[in-house]
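Reviewing the structure listed below.
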Amino acid sequence: QLQLVESGGGLVQPGGSLTLRCAASGATLDRYDIGWFRQAPGKEREGISCISSRGGSTNYADSVKGRFTISRNNAKNTVYLQMNLLEAEDTAVYYCAASTRAITTRQVMCVTTRFYDIWGQGTQVTVSS
């Protein structure tokens, strides 16, 4: 059974950068498309990016396009989210999730929670001066 663990969160100043990692265990990650979501206090979980199983296709929400980059290393069973030019509005708990569907083909699938099958526990990102 695939399990996902996020790491790399923390406190960063506005304009700074962080790289989140989503490490998989229990199964090989290369069978799954992976998405990143975030949830701020009092708000719904928001899909922000996804990547196909072999990394050839990606998709981004408008809120992070041009600032965030998703990538993966299947040999290390890990997916990354490089976050640059962070803003206070990026403060949230960040989650990675795995899907057996080809979610990168349509943005609506990429950013919608019901298309994902397995979730990590999340890592907190706080952007503040």
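By convention here, the chains of the structure tokens are called A, B, ... in the order presented, each chain's residues are numbered starting at 1, and ligands are numbered starting at 1 in the order presented.
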Would you kindly return, as a ChimeraX atom specification, each protein, DNA or RNA residue with an atom no farther than 9 Å from any atom of segment 43-56 of chain A, considering only C-alpha atoms and excluding same-chain residues fewer than 3 positions away?
/A:29-40,59-65,68-74,79,81,100,102-105,107,110-113
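Of the residues listed (A:Leu18, A:Ala23, A:Leu4, A:Met83), A:Leu4 shows the shortest atom-to-atom separation from Ala97 of chain A; distances use only C-alpha atoms.
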When you draw a straight line from atom CA of Ala75 of chain A to atom CA of Arg101 of chain A, how long is it in Å?
20.8 Å
Out of chain A, which residues get alpha helix (DSSP H) from DSSP, as a VMD selection string?
chain A and resid 107 to 110
Mind writing the picked residues with C-alpha atoms as a PDB file, in the first residue's frame?
ATOM      1  CA  GLN A 107      -6.684  21.010 -15.085  1.00  0.00           C
ATOM      2  CA  VAL A 108     -10.031  20.319 -13.457  1.00  0.00           C
ATOM      3  CA  MET A 109      -8.825  16.825 -12.602  1.00  0.00           C
ATOM      4  CA  CYS A 110      -5.433  18.090 -11.472  1.00  0.00           C
TER       5      CYS A 110
END
Return the single residue from A:Arg114, A:Glu6, A:Ala92, A:Ser128 that is closest to Thr19 of chain A, with distances computed using only C-alpha atoms.
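Among A:Arg114, A:Glu6, A:Ala92, A:Ser128, it is A:Glu6 that comes nearest to Thr19 of chain A.
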Skipping near chain neighbours, those fewer than 4 positions away, what residues fall within 9 Å of Ile118 of chain A using only C-alpha atoms, listed as a list in words?
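The filter keeps Leu2, Gln3, Leu4, Cys96, Ala97, Ala98 and Ser99 of chain A.
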Residue with smallest distance to Glu87 of chain A - pool A:Gln124, A:Val5, A:Gly10, A:Gly15, counting only C-alpha atoms
A:Gly15
Backbone-only DSSP, strand (DSSP E or B) members of segment 29-121 of chain A, as JSON, numbers by chain
{"A": [33, 34, 35, 36, 37, 38, 39, 46, 47, 48, 49, 50, 51, 58, 59, 60, 68, 69, 70, 71, 72, 73, 78, 79, 80, 81, 82, 83, 92, 93, 94, 95, 96, 97, 98, 99, 118, 119]}
Kindly save the residues from that selection, with C-alpha atoms included, as a PDB file, in the first residue's frame.
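Saved to out_38.pdb:
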ATOM      1  CA  ASP A  33       0.286  10.874 -11.089  1.00  0.00           C
ATOM      2  CA  ILE A  34       0.981  13.160  -8.124  1.00  0.00           C
ATOM      3  CA  GLY A  35      -0.664  16.383  -7.071  1.00  0.00           C
ATOM      4  CA  TRP A  36       0.086  19.083  -4.530  1.00  0.00           C
ATOM      5  CA  PHE A  37      -2.704  20.748  -2.579  1.00  0.00           C
ATOM      6  CA  ARG A  38      -2.823  23.290   0.188  1.00  0.00           C
ATOM      7  CA  GLN A  39      -5.301  24.283   2.840  1.00  0.00           C
ATOM      8  CA  GLU A  46      -6.924  24.012  -3.029  1.00  0.00           C
ATOM      9  CA  GLY A  47      -5.210  22.059  -5.786  1.00  0.00           C
ATOM     10  CA  ILE A  48      -2.111  23.854  -7.020  1.00  0.00           C
ATOM     11  CA  SER A  49      -0.069  21.516  -9.209  1.00  0.00           C
ATOM     12  CA  CYS A  50       0.255  18.003 -10.563  1.00  0.00           C
ATOM     13  CA  ILE A  51       2.707  15.872 -12.514  1.00  0.00           C
ATOM     14  CA  THR A  58       2.599  19.086 -15.512  1.00  0.00           C
ATOM     15  CA  ASN A  59      -0.220  21.433 -14.674  1.00  0.00           C
ATOM     16  CA  TYR A  60      -0.522  24.454 -12.386  1.00  0.00           C
ATOM     17  CA  PHE A  68       6.072  27.113  -8.239  1.00  0.00           C
ATOM     18  CA  THR A  69       7.652  24.177 -10.071  1.00  0.00           C
ATOM     19  CA  ILE A  70       6.718  20.544  -9.637  1.00  0.00           C
ATOM     20  CA  SER A  71       9.173  17.769 -10.464  1.00  0.00           C
ATOM     21  CA  ARG A  72       9.837  14.149  -9.592  1.00  0.00           C
ATOM     22  CA  ASN A  73      12.619  11.614  -9.280  1.00  0.00           C
ATOM     23  CA  THR A  78      10.074  11.423  -4.446  1.00  0.00           C
ATOM     24  CA  VAL A  79       8.116  14.346  -5.859  1.00  0.00           C
ATOM     25  CA  TYR A  80       9.189  17.937  -5.258  1.00  0.00           C
ATOM     26  CA  LEU A  81       7.501  21.317  -5.177  1.00  0.00           C
ATOM     27  CA  GLN A  82       9.905  24.229  -5.583  1.00  0.00           C
ATOM     28  CA  MET A  83       8.212  27.384  -4.321  1.00  0.00           C
ATOM     29  CA  ALA A  92      -1.137  26.838   4.453  1.00  0.00           C
ATOM     30  CA  VAL A  93      -0.698  23.161   5.162  1.00  0.00           C
ATOM     31  CA  TYR A  94       0.610  21.546   1.982  1.00  0.00           C
ATOM     32  CA  TYR A  95      -0.381  18.016   1.009  1.00  0.00           C
ATOM     33  CA  CYS A  96       0.714  15.661  -1.720  1.00  0.00           C
ATOM     34  CA  ALA A  97      -1.646  13.076  -3.141  1.00  0.00           C
ATOM     35  CA  ALA A  98      -1.437  10.169  -5.567  1.00  0.00           C
ATOM     36  CA  SER A  99      -3.820   9.270  -8.348  1.00  0.00           C
ATOM     37  CA  ILE A 118      -3.938   8.421  -1.428  1.00  0.00           C
ATOM     38  CA  TRP A 119      -2.972  11.420   0.703  1.00  0.00           C
TER      39      TRP A 119
END
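We find atom CA of Asn84 of chain A and atom CA of Asp117 of chain A to be spaced 28.0 Å apart.
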Looking at only C-alpha atoms, which of A:Asn77, A:Thr28, A:Ser57, A:Gln13 is the one that sits closest to Glu89 of chain A?
A:Gln13
Just to confirm, what's the straight-line distance from atom CA of Arg67 of chain A to atom CA of Gly16 of chain A in Å (one decimal)?
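Atom CA of Gly16 of chain A lies at a distance of 10.8 Å from atom CA of Arg67 of chain A.
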